[in-house]
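One file, coords.tsv, carrying TSV, N, CA and C atoms:
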```tsv
chain	number	residue	atom	x	y	z
A	640	THR	N	78.54	124.68	122.39
A	640	THR	CA	79.78	125.41	122.59
A	640	THR	C	79.85	126.55	121.59
A	641	TYR	N	80.11	127.74	122.09
A	641	TYR	CA	80.25	128.90	121.22
A	641	TYR	C	81.70	129.04	120.79
A	642	LEU	N	81.92	129.26	119.52
A	642	LEU	CA	83.28	129.47	119.03
A	642	LEU	C	83.60	130.94	118.89
A	643	THR	N	82.62	131.74	118.50
A	643	THR	CA	82.87	133.19	118.35
A	643	THR	C	82.71	133.86	119.70
A	644	PRO	N	83.38	134.99	119.88
A	644	PRO	CA	83.20	135.74	121.14
A	644	PRO	C	81.73	136.10	121.34
A	645	GLU	N	81.31	136.21	122.59
A	645	GLU	CA	79.91	136.50	122.90
A	645	GLU	C	79.41	137.80	122.29
A	646	ASN	N	80.31	138.77	122.10
A	646	ASN	CA	79.88	140.07	121.57
A	646	ASN	C	79.78	140.07	120.04
A	647	PHE	N	80.09	138.96	119.39
A	647	PHE	CA	80.00	138.87	117.94
A	647	PHE	C	78.59	138.46	117.53
A	648	ASN	N	78.05	139.18	116.56
A	648	ASN	CA	76.80	138.81	115.93
A	648	ASN	C	77.18	138.00	114.70
A	649	ALA	N	77.21	136.69	114.80
A	649	ALA	CA	77.68	135.82	113.72
A	649	ALA	C	76.52	135.05	113.11
A	650	SER	N	76.54	134.91	111.78
A	650	SER	CA	75.51	134.14	111.09
A	650	SER	C	76.13	133.42	109.89
A	651	GLN	N	75.39	132.48	109.34
A	651	GLN	CA	75.80	131.70	108.17
A	651	GLN	C	77.16	131.02	108.34
A	652	PRO	N	77.38	130.29	109.42
A	652	PRO	CA	78.69	129.63	109.59
A	652	PRO	C	78.92	128.55	108.54
A	653	GLU	N	80.15	128.46	108.06
A	653	GLU	CA	80.56	127.46	107.08
A	653	GLU	C	81.94	126.95	107.44
A	654	TRP	N	82.12	125.64	107.52
A	654	TRP	CA	83.42	125.04	107.80
A	654	TRP	C	84.26	125.05	106.54
A	655	SER	N	85.57	125.21	106.71
A	655	SER	CA	86.48	125.02	105.58
A	655	SER	C	86.56	123.52	105.30
A	656	PRO	N	86.90	123.12	104.07
A	656	PRO	CA	87.02	121.69	103.78
A	656	PRO	C	88.01	120.96	104.70
A	657	SER	N	89.05	121.65	105.14
A	657	SER	CA	90.04	121.03	106.03
A	657	SER	C	89.56	120.99	107.49
A	658	GLY	N	88.54	121.78	107.82
A	658	GLY	CA	88.07	121.86	109.19
A	658	GLY	C	88.92	122.75	110.08
A	659	ARG	N	89.90	123.43	109.49
A	659	ARG	CA	90.79	124.29	110.28
A	659	ARG	C	90.28	125.72	110.40
A	660	TRP	N	89.23	126.08	109.68
A	660	TRP	CA	88.67	127.43	109.71
A	660	TRP	C	87.15	127.36	109.76
A	661	LEU	N	86.57	128.34	110.42
A	661	LEU	CA	85.13	128.54	110.40
A	661	LEU	C	84.89	129.92	109.83
A	662	TYR	N	84.15	130.00	108.75
A	662	TYR	CA	83.83	131.28	108.11
A	662	TYR	C	82.41	131.66	108.48
A	663	PHE	N	82.16	132.95	108.63
A	663	PHE	CA	80.83	133.41	109.00
A	663	PHE	C	80.66	134.88	108.61
A	664	LEU	N	79.42	135.34	108.65
A	664	LEU	CA	79.10	136.74	108.38
A	664	LEU	C	78.91	137.44	109.72
A	665	SER	N	79.41	138.68	109.80
A	665	SER	CA	79.23	139.46	111.02
A	665	SER	C	79.29	140.94	110.67
A	666	ASP	N	78.66	141.75	111.50
A	666	ASP	CA	78.64	143.20	111.29
A	666	ASP	C	79.52	143.93	112.30
A	667	GLN	N	80.58	143.30	112.75
A	667	GLN	CA	81.47	143.88	113.76
A	667	GLN	C	82.13	145.18	113.30
A	668	THR	N	82.30	145.38	112.00
A	668	THR	CA	82.94	146.60	111.50
A	668	THR	C	81.93	147.70	111.24
A	669	GLY	N	80.66	147.43	111.49
A	669	GLY	CA	79.62	148.41	111.21
A	669	GLY	C	78.83	148.06	109.96
A	670	SER	N	79.36	147.18	109.13
A	670	SER	CA	78.62	146.67	107.98
A	670	SER	C	78.93	145.18	107.85
A	671	LEU	N	78.05	144.48	107.19
A	671	LEU	CA	78.19	143.04	107.06
A	671	LEU	C	79.44	142.68	106.28
A	672	ALA	N	80.22	141.73	106.79
A	672	ALA	CA	81.48	141.31	106.17
A	672	ALA	C	81.69	139.82	106.46
A	673	VAL	N	82.66	139.23	105.76
A	673	VAL	CA	83.02	137.82	105.96
A	673	VAL	C	84.20	137.75	106.91
A	674	TRP	N	84.08	136.92	107.92
A	674	TRP	CA	85.11	136.72	108.92
A	674	TRP	C	85.56	135.27	108.91
A	675	ALA	N	86.77	135.01	109.41
A	675	ALA	CA	87.31	133.66	109.51
A	675	ALA	C	87.86	133.45	110.92
A	676	LEU	N	87.60	132.28	111.45
A	676	LEU	CA	88.05	131.94	112.79
A	676	LEU	C	88.95	130.71	112.71
A	677	PRO	N	90.22	130.81	113.14
A	677	PRO	CA	91.10	129.62	113.11
A	677	PRO	C	90.71	128.64	114.21
A	678	LEU	N	90.76	127.35	113.85
A	678	LEU	CA	90.36	126.30	114.78
A	678	LEU	C	91.49	125.31	115.02
A	679	SER	N	91.50	124.74	116.18
A	679	SER	CA	92.47	123.69	116.51
A	679	SER	C	91.97	122.37	115.91
A	680	PRO	N	92.80	121.33	115.90
A	680	PRO	CA	92.34	120.01	115.44
A	680	PRO	C	91.14	119.49	116.25
A	681	GLU	N	91.00	119.96	117.49
A	681	GLU	CA	89.88	119.55	118.34
A	681	GLU	C	88.64	120.41	118.10
A	682	LYS	N	88.71	121.33	117.14
A	682	LYS	CA	87.60	122.24	116.78
A	682	LYS	C	87.29	123.24	117.88
A	683	THR	N	88.32	123.69	118.57
A	683	THR	CA	88.18	124.78	119.52
A	683	THR	C	88.86	126.02	118.93
A	684	ARG	N	88.50	127.16	119.43
A	684	ARG	CA	89.05	128.42	118.90
A	684	ARG	C	90.55	128.48	119.15
A	685	ARG	N	91.31	128.74	118.09
A	685	ARG	CA	92.76	128.79	118.18
A	685	ARG	C	93.29	130.23	118.15
A	686	GLY	N	92.43	131.18	117.93
A	686	GLY	CA	92.84	132.57	117.86
A	686	GLY	C	91.62	133.45	117.76
A	687	GLU	N	91.86	134.70	117.46
A	687	GLU	CA	90.77	135.66	117.33
A	687	GLU	C	90.20	135.64	115.91
A	688	PRO	N	88.92	135.97	115.75
A	688	PRO	CA	88.34	136.07	114.41
A	688	PRO	C	89.07	137.13	113.59
A	689	ARG	N	89.22	136.87	112.29
A	689	ARG	CA	89.90	137.79	111.38
A	689	ARG	C	88.94	138.27	110.31
A	690	LEU	N	88.99	139.56	110.04
A	690	LEU	CA	88.20	140.11	108.95
A	690	LEU	C	88.80	139.61	107.65
A	691	LEU	N	88.01	138.92	106.85
A	691	LEU	CA	88.52	138.31	105.64
A	691	LEU	C	88.11	139.07	104.39
A	692	LEU	N	86.86	139.48	104.32
A	692	LEU	CA	86.34	140.14	103.12
A	692	LEU	C	85.35	141.21	103.53
A	693	ASP	N	85.70	142.44	103.24
A	693	ASP	CA	84.85	143.58	103.54
A	693	ASP	C	84.47	144.23	102.23
A	694	PHE	N	83.42	144.99	102.23
A	694	PHE	CA	82.97	145.68	101.03
A	694	PHE	C	82.95	147.18	101.31
A	695	PRO	N	84.12	147.85	101.19
A	695	PRO	CA	84.19	149.25	101.56
A	695	PRO	C	83.50	150.20	100.58
A	696	SER	N	83.29	149.77	99.34
A	696	SER	CA	82.62	150.65	98.39
A	696	SER	C	81.13	150.35	98.40
A	697	VAL	N	80.35	151.26	97.91
A	697	VAL	CA	78.91	151.04	97.86
A	697	VAL	C	78.48	150.38	96.56
A	698	ARG	N	79.40	150.22	95.61
A	698	ARG	CA	79.02	149.60	94.33
A	698	ARG	C	78.74	148.11	94.50
A	699	LEU	N	79.66	147.40	95.12
A	699	LEU	CA	79.44	145.99	95.45
A	699	LEU	C	79.31	145.88	96.95
A	700	THR	N	78.22	145.29	97.42
A	700	THR	CA	77.99	145.25	98.86
A	700	THR	C	77.11	144.06	99.24
A	701	ILE	N	77.21	143.67	100.49
A	701	ILE	CA	76.27	142.72	101.07
A	701	ILE	C	75.50	143.39	102.20
A	702	ALA	N	75.77	144.68	102.42
A	702	ALA	CA	75.21	145.41	103.56
A	702	ALA	C	73.68	145.44	103.57
A	703	GLU	N	73.06	145.55	102.42
A	703	GLU	CA	71.61	145.67	102.36
A	703	GLU	C	70.90	144.33	102.26
A	704	MET	N	71.67	143.25	102.24
A	704	MET	CA	71.09	141.92	102.06
A	704	MET	C	70.85	141.23	103.39
A	705	SER	N	69.89	140.34	103.41
A	705	SER	CA	69.67	139.48	104.56
A	705	SER	C	70.74	138.39	104.52
A	706	PRO	N	71.35	138.04	105.66
A	706	PRO	CA	72.39	137.01	105.65
A	706	PRO	C	71.96	135.71	104.97
A	707	ARG	N	70.70	135.33	105.09
A	707	ARG	CA	70.25	134.08	104.45
A	707	ARG	C	70.25	134.19	102.93
A	708	ASN	N	70.17	135.41	102.37
A	708	ASN	CA	70.18	135.59	100.93
A	708	ASN	C	71.60	135.67	100.35
A	709	ILE	N	72.58	135.80	101.20
A	709	ILE	CA	73.97	135.92	100.74
A	709	ILE	C	74.49	134.55	100.32
A	710	GLY	N	74.10	133.51	101.01
A	710	GLY	CA	74.46	132.16	100.62
A	710	GLY	C	75.94	131.88	100.66
A	711	LEU	N	76.59	132.21	101.77
A	711	LEU	CA	78.02	131.97	101.91
A	711	LEU	C	78.32	130.48	101.73
A	712	SER	N	79.24	130.17	100.81
A	712	SER	CA	79.67	128.80	100.56
A	712	SER	C	81.19	128.76	100.52
A	713	VAL	N	81.75	127.69	101.03
A	713	VAL	CA	83.20	127.55	101.11
A	713	VAL	C	83.61	126.27	100.39
A	714	ALA	N	84.64	126.38	99.55
A	714	ALA	CA	85.24	125.23	98.88
A	714	ALA	C	86.75	125.39	99.00
A	715	ARG	N	87.48	124.41	98.57
A	715	ARG	CA	88.93	124.51	98.66
A	715	ARG	C	89.42	125.70	97.86
A	716	ASP	N	90.11	126.62	98.52
A	716	ASP	CA	90.68	127.82	97.90
A	716	ASP	C	89.64	128.77	97.31
A	717	LYS	N	88.38	128.67	97.73
A	717	LYS	CA	87.33	129.53	97.17
A	717	LYS	C	86.28	129.86	98.21
A	718	LEU	N	85.75	131.07	98.10
A	718	LEU	CA	84.56	131.49	98.83
A	718	LEU	C	83.57	131.95	97.77
A	719	ALA	N	82.31	131.63	97.96
A	719	ALA	CA	81.28	132.11	97.05
A	719	ALA	C	80.17	132.73	97.88
A	720	LEU	N	79.67	133.86	97.42
A	720	LEU	CA	78.56	134.52	98.09
A	720	LEU	C	77.89	135.47	97.13
A	721	GLY	N	76.63	135.73	97.40
A	721	GLY	CA	75.88	136.69	96.59
A	721	GLY	C	76.16	138.10	97.07
A	722	VAL	N	76.28	139.02	96.13
A	722	VAL	CA	76.46	140.44	96.45
A	722	VAL	C	75.47	141.26	95.64
A	723	THR	N	75.25	142.46	96.07
A	723	THR	CA	74.40	143.40	95.35
A	723	THR	C	75.30	144.41	94.66
A	724	GLU	N	75.00	144.71	93.41
A	724	GLU	CA	75.76	145.71	92.66
A	724	GLU	C	74.85	146.89	92.38
A	725	TYR	N	75.34	148.05	92.76
A	725	TYR	CA	74.63	149.29	92.47
A	725	TYR	C	75.39	150.00	91.37
A	726	SER	N	74.69	150.36	90.33
A	726	SER	CA	75.33	151.11	89.25
A	726	SER	C	74.43	152.25	88.84
A	727	GLY	N	74.94	153.10	88.01
A	727	GLY	CA	74.17	154.25	87.60
A	727	GLY	C	74.52	155.44	88.46
A	728	GLY	N	73.76	156.45	88.33
A	728	GLY	CA	74.03	157.65	89.10
A	728	GLY	C	72.78	158.48	89.26
A	729	LEU	N	72.90	159.50	90.02
A	729	LEU	CA	71.80	160.44	90.20
A	729	LEU	C	72.01	161.58	89.22
A	730	TRP	N	70.94	161.93	88.59
A	730	TRP	CA	70.99	163.03	87.64
A	730	TRP	C	70.26	164.22	88.24
A	731	SER	N	70.88	165.34	88.15
A	731	SER	CA	70.29	166.56	88.67
A	731	SER	C	69.91	167.45	87.50
A	732	VAL	N	68.70	167.93	87.51
A	732	VAL	CA	68.23	168.83	86.45
A	732	VAL	C	68.16	170.22	87.03
A	733	ARG	N	68.81	171.15	86.39
A	733	ARG	CA	68.78	172.53	86.87
A	733	ARG	C	67.77	173.33	86.03
A	734	PRO	N	67.01	174.15	86.67
A	734	PRO	CA	66.02	174.95	85.93
A	734	PRO	C	66.68	176.05	85.11
```
The structure in this file should be written as structure tokens.
Amino acid sequence: TYLTPENFNASQPEWSPSGRWLYFLSDQTGSLAVWALPLSPEKTRRGEPRLLLDFPSVRLTIAEMSPRNIGLSVARDKLALGVTEYSGGLWSVRP
């Protein structure tokens, strides 16, 4: 049984401890982000997937990572995942 809509590219699913949410990674916004899907007590979809955590800046991102390397984990009141941090800058030398 599929819980996410057919047009969703979903990976790394993780159940919430209560079983009322399913968290997953998807690129529906154009870049990889964390989504949450509300579930009924029978574990059927109770609503539409919600964008939960996006990385709009390029400093902290999961966009360049493989979903298996992100390691999405869910605990009570917490989400844990690996991110990439880009720091520094480009230096331009003028003659």
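Rounded to one decimal, CA of Arg659 (chain A) and CA of Asn646 (chain A) lie 22.3 Å from each other.
Pairwise distance (CA of Ala675 (chain A), CA of Arg698 (chain A)) equals 23.5 Å.
Of the listed residues A:Leu699, A:Ser705, A:Asp693, A:Pro652, the one whose atoms come nearest to Leu671 (chain A) is A:Asp693, with distances taken using all atoms listed in the file.
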* CA of Pro677 (chain A) to CA of Val722 (chain A), distance in Å rounded to a single decimal -> 24.7 Å
* Asked: From the list A:Trp660, A:Thr643, A:Leu690, A:Ser726, which residue is nearest Leu676 (chain A) when using only N, CA and C atoms?
  -> A:Trp660
* With a distance cut-off of 10 Å and only C-alpha atoms, select the neighbouring residues of Ser655 (chain A), excluding the residue or stretch itself and same-chain residues fewer than 2 positions from it, and output the selection as number ranges by chain. => A: 652-653, 657-662, 675, 677, 712-718
Go ahead and write the selection's residues with N, CA and C atoms as a PDB file, in the coordinates of the input.
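See result.pdb below for the written result:
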```pdb
ATOM      1  N   PRO A 652      77.380 130.290 109.420  1.00  0.00           N
ATOM      2  CA  PRO A 652      78.690 129.630 109.590  1.00  0.00           C
ATOM      3  C   PRO A 652      78.920 128.550 108.540  1.00  0.00           C
ATOM      4  N   GLU A 653      80.150 128.460 108.060  1.00  0.00           N
ATOM      5  CA  GLU A 653      80.560 127.460 107.080  1.00  0.00           C
ATOM      6  C   GLU A 653      81.940 126.950 107.440  1.00  0.00           C
ATOM      7  N   SER A 657      89.050 121.650 105.140  1.00  0.00           N
ATOM      8  CA  SER A 657      90.040 121.030 106.030  1.00  0.00           C
ATOM      9  C   SER A 657      89.560 120.990 107.490  1.00  0.00           C
ATOM     10  N   GLY A 658      88.540 121.780 107.820  1.00  0.00           N
ATOM     11  CA  GLY A 658      88.070 121.860 109.190  1.00  0.00           C
ATOM     12  C   GLY A 658      88.920 122.750 110.080  1.00  0.00           C
ATOM     13  N   ARG A 659      89.900 123.430 109.490  1.00  0.00           N
ATOM     14  CA  ARG A 659      90.790 124.290 110.280  1.00  0.00           C
ATOM     15  C   ARG A 659      90.280 125.720 110.400  1.00  0.00           C
ATOM     16  N   TRP A 660      89.230 126.080 109.680  1.00  0.00           N
ATOM     17  CA  TRP A 660      88.670 127.430 109.710  1.00  0.00           C
ATOM     18  C   TRP A 660      87.150 127.360 109.760  1.00  0.00           C
ATOM     19  N   LEU A 661      86.570 128.340 110.420  1.00  0.00           N
ATOM     20  CA  LEU A 661      85.130 128.540 110.400  1.00  0.00           C
ATOM     21  C   LEU A 661      84.890 129.920 109.830  1.00  0.00           C
ATOM     22  N   TYR A 662      84.150 130.000 108.750  1.00  0.00           N
ATOM     23  CA  TYR A 662      83.830 131.280 108.110  1.00  0.00           C
ATOM     24  C   TYR A 662      82.410 131.660 108.480  1.00  0.00           C
ATOM     25  N   ALA A 675      86.770 135.010 109.410  1.00  0.00           N
ATOM     26  CA  ALA A 675      87.310 133.660 109.510  1.00  0.00           C
ATOM     27  C   ALA A 675      87.860 133.450 110.920  1.00  0.00           C
ATOM     28  N   PRO A 677      90.220 130.810 113.140  1.00  0.00           N
ATOM     29  CA  PRO A 677      91.100 129.620 113.110  1.00  0.00           C
ATOM     30  C   PRO A 677      90.710 128.640 114.210  1.00  0.00           C
ATOM     31  N   SER A 712      79.240 130.170 100.810  1.00  0.00           N
ATOM     32  CA  SER A 712      79.670 128.800 100.560  1.00  0.00           C
ATOM     33  C   SER A 712      81.190 128.760 100.520  1.00  0.00           C
ATOM     34  N   VAL A 713      81.750 127.690 101.030  1.00  0.00           N
ATOM     35  CA  VAL A 713      83.200 127.550 101.110  1.00  0.00           C
ATOM     36  C   VAL A 713      83.610 126.270 100.390  1.00  0.00           C
ATOM     37  N   ALA A 714      84.640 126.380  99.550  1.00  0.00           N
ATOM     38  CA  ALA A 714      85.240 125.230  98.880  1.00  0.00           C
ATOM     39  C   ALA A 714      86.750 125.390  99.000  1.00  0.00           C
ATOM     40  N   ARG A 715      87.480 124.410  98.570  1.00  0.00           N
ATOM     41  CA  ARG A 715      88.930 124.510  98.660  1.00  0.00           C
ATOM     42  C   ARG A 715      89.420 125.700  97.860  1.00  0.00           C
ATOM     43  N   ASP A 716      90.110 126.620  98.520  1.00  0.00           N
ATOM     44  CA  ASP A 716      90.680 127.820  97.900  1.00  0.00           C
ATOM     45  C   ASP A 716      89.640 128.770  97.310  1.00  0.00           C
ATOM     46  N   LYS A 717      88.380 128.670  97.730  1.00  0.00           N
ATOM     47  CA  LYS A 717      87.330 129.530  97.170  1.00  0.00           C
ATOM     48  C   LYS A 717      86.280 129.860  98.210  1.00  0.00           C
ATOM     49  N   LEU A 718      85.750 131.070  98.100  1.00  0.00           N
ATOM     50  CA  LEU A 718      84.560 131.490  98.830  1.00  0.00           C
ATOM     51  C   LEU A 718      83.570 131.950  97.770  1.00  0.00           C
TER      52      LEU A 718
END
```
Repaired coordinates for region 659-670 of chain A (all heavy atoms) as an mmCIF file, keeping the file's coordinate frame:
```
data_model
loop_
_atom_site.group_PDB
_atom_site.id
_atom_site.type_symbol
_atom_site.label_atom_id
_atom_site.label_comp_id
_atom_site.auth_asym_id
_atom_site.auth_seq_id
_atom_site.Cartn_x
_atom_site.Cartn_y
_atom_site.Cartn_z
ATOM 1 N N ARG A 659 89.900 123.430 109.490
ATOM 2 C CA ARG A 659 90.790 124.290 110.280
ATOM 3 C C ARG A 659 90.280 125.720 110.400
ATOM 4 O O ARG A 659 90.848 126.525 111.138
ATOM 5 C CB ARG A 659 92.193 124.290 109.690
ATOM 6 C CG ARG A 659 92.830 122.917 109.776
ATOM 7 C CD ARG A 659 94.246 122.923 109.331
ATOM 8 N NE ARG A 659 94.364 123.540 108.006
ATOM 9 C CZ ARG A 659 95.503 123.792 107.404
ATOM 10 N NH1 ARG A 659 96.642 123.514 107.985
ATOM 11 N NH2 ARG A 659 95.532 124.328 106.207
ATOM 12 N N TRP A 660 89.230 126.080 109.680
ATOM 13 C CA TRP A 660 88.670 127.430 109.710
ATOM 14 C C TRP A 660 87.150 127.360 109.760
ATOM 15 O O TRP A 660 86.543 126.447 109.193
ATOM 16 C CB TRP A 660 89.077 128.220 108.467
ATOM 17 C CG TRP A 660 90.523 128.539 108.431
ATOM 18 C CD1 TRP A 660 91.509 127.777 107.867
ATOM 19 C CD2 TRP A 660 91.161 129.681 108.987
ATOM 20 N NE1 TRP A 660 92.723 128.379 108.040
ATOM 21 C CE2 TRP A 660 92.541 129.563 108.721
ATOM 22 C CE3 TRP A 660 90.713 130.793 109.680
ATOM 23 C CZ2 TRP A 660 93.454 130.508 109.128
ATOM 24 C CZ3 TRP A 660 91.627 131.739 110.080
ATOM 25 C CH2 TRP A 660 92.988 131.600 109.812
ATOM 26 N N LEU A 661 86.570 128.340 110.420
ATOM 27 C CA LEU A 661 85.130 128.540 110.400
ATOM 28 C C LEU A 661 84.890 129.920 109.830
ATOM 29 O O LEU A 661 85.410 130.919 110.346
ATOM 30 C CB LEU A 661 84.538 128.432 111.816
ATOM 31 C CG LEU A 661 83.035 128.619 111.902
ATOM 32 C CD1 LEU A 661 82.314 127.465 111.189
ATOM 33 C CD2 LEU A 661 82.594 128.700 113.349
ATOM 34 N N TYR A 662 84.150 130.000 108.750
ATOM 35 C CA TYR A 662 83.830 131.280 108.110
ATOM 36 C C TYR A 662 82.410 131.660 108.480
ATOM 37 O O TYR A 662 81.544 130.804 108.625
ATOM 38 C CB TYR A 662 83.939 131.139 106.581
ATOM 39 C CG TYR A 662 85.318 130.771 106.122
ATOM 40 C CD1 TYR A 662 85.667 129.454 105.883
ATOM 41 C CD2 TYR A 662 86.284 131.746 105.934
ATOM 42 C CE1 TYR A 662 86.945 129.107 105.470
ATOM 43 C CE2 TYR A 662 87.563 131.406 105.522
ATOM 44 C CZ TYR A 662 87.880 130.080 105.292
ATOM 45 O OH TYR A 662 89.144 129.751 104.892
ATOM 46 N N PHE A 663 82.160 132.950 108.630
ATOM 47 C CA PHE A 663 80.830 133.410 109.000
ATOM 48 C C PHE A 663 80.660 134.880 108.610
ATOM 49 O O PHE A 663 81.622 135.567 108.286
ATOM 50 C CB PHE A 663 80.580 133.211 110.501
ATOM 51 C CG PHE A 663 81.569 133.903 111.398
ATOM 52 C CD1 PHE A 663 81.307 135.166 111.883
ATOM 53 C CD2 PHE A 663 82.757 133.283 111.760
ATOM 54 C CE1 PHE A 663 82.214 135.811 112.725
ATOM 55 C CE2 PHE A 663 83.665 133.906 112.590
ATOM 56 C CZ PHE A 663 83.395 135.174 113.073
ATOM 57 N N LEU A 664 79.420 135.340 108.650
ATOM 58 C CA LEU A 664 79.100 136.740 108.380
ATOM 59 C C LEU A 664 78.910 137.440 109.720
ATOM 60 O O LEU A 664 78.334 136.887 110.648
ATOM 61 C CB LEU A 664 77.813 136.847 107.570
ATOM 62 C CG LEU A 664 77.793 136.123 106.231
ATOM 63 C CD1 LEU A 664 76.403 136.217 105.609
ATOM 64 C CD2 LEU A 664 78.835 136.693 105.292
ATOM 65 N N SER A 665 79.410 138.680 109.800
ATOM 66 C CA SER A 665 79.230 139.460 111.020
ATOM 67 C C SER A 665 79.290 140.940 110.670
ATOM 68 O O SER A 665 79.901 141.340 109.677
ATOM 69 C CB SER A 665 80.326 139.140 112.042
ATOM 70 O OG SER A 665 80.106 139.884 113.229
ATOM 71 N N ASP A 666 78.660 141.750 111.500
ATOM 72 C CA ASP A 666 78.640 143.200 111.290
ATOM 73 C C ASP A 666 79.520 143.930 112.300
ATOM 74 O O ASP A 666 79.264 145.070 112.666
ATOM 75 C CB ASP A 666 77.214 143.745 111.314
ATOM 76 C CG ASP A 666 76.504 143.460 112.623
ATOM 77 O OD1 ASP A 666 77.106 142.852 113.538
ATOM 78 O OD2 ASP A 666 75.329 143.843 112.735
ATOM 79 N N GLN A 667 80.580 143.300 112.750
ATOM 80 C CA GLN A 667 81.470 143.880 113.760
ATOM 81 C C GLN A 667 82.130 145.180 113.300
ATOM 82 O O GLN A 667 82.514 145.993 114.128
ATOM 83 C CB GLN A 667 82.551 142.891 114.168
ATOM 84 C CG GLN A 667 82.032 141.703 114.932
ATOM 85 C CD GLN A 667 81.259 142.114 116.166
ATOM 86 O OE1 GLN A 667 80.065 141.889 116.242
ATOM 87 N NE2 GLN A 667 81.901 142.708 117.109
ATOM 88 N N THR A 668 82.300 145.380 112.000
ATOM 89 C CA THR A 668 82.940 146.600 111.500
ATOM 90 C C THR A 668 81.930 147.700 111.240
ATOM 91 O O THR A 668 82.302 148.774 110.798
ATOM 92 C CB THR A 668 83.694 146.308 110.185
ATOM 93 O OG1 THR A 668 82.755 145.834 109.217
ATOM 94 C CG2 THR A 668 84.798 145.299 110.389
ATOM 95 N N GLY A 669 80.660 147.430 111.490
ATOM 96 C CA GLY A 669 79.620 148.410 111.210
ATOM 97 C C GLY A 669 78.830 148.060 109.960
ATOM 98 O O GLY A 669 77.766 148.604 109.729
ATOM 99 N N SER A 670 79.360 147.180 109.130
ATOM 100 C CA SER A 670 78.620 146.670 107.980
ATOM 101 C C SER A 670 78.930 145.180 107.850
ATOM 102 O O SER A 670 79.947 144.694 108.336
ATOM 103 C CB SER A 670 78.997 147.423 106.705
ATOM 104 O OG SER A 670 80.351 147.208 106.383
#
```
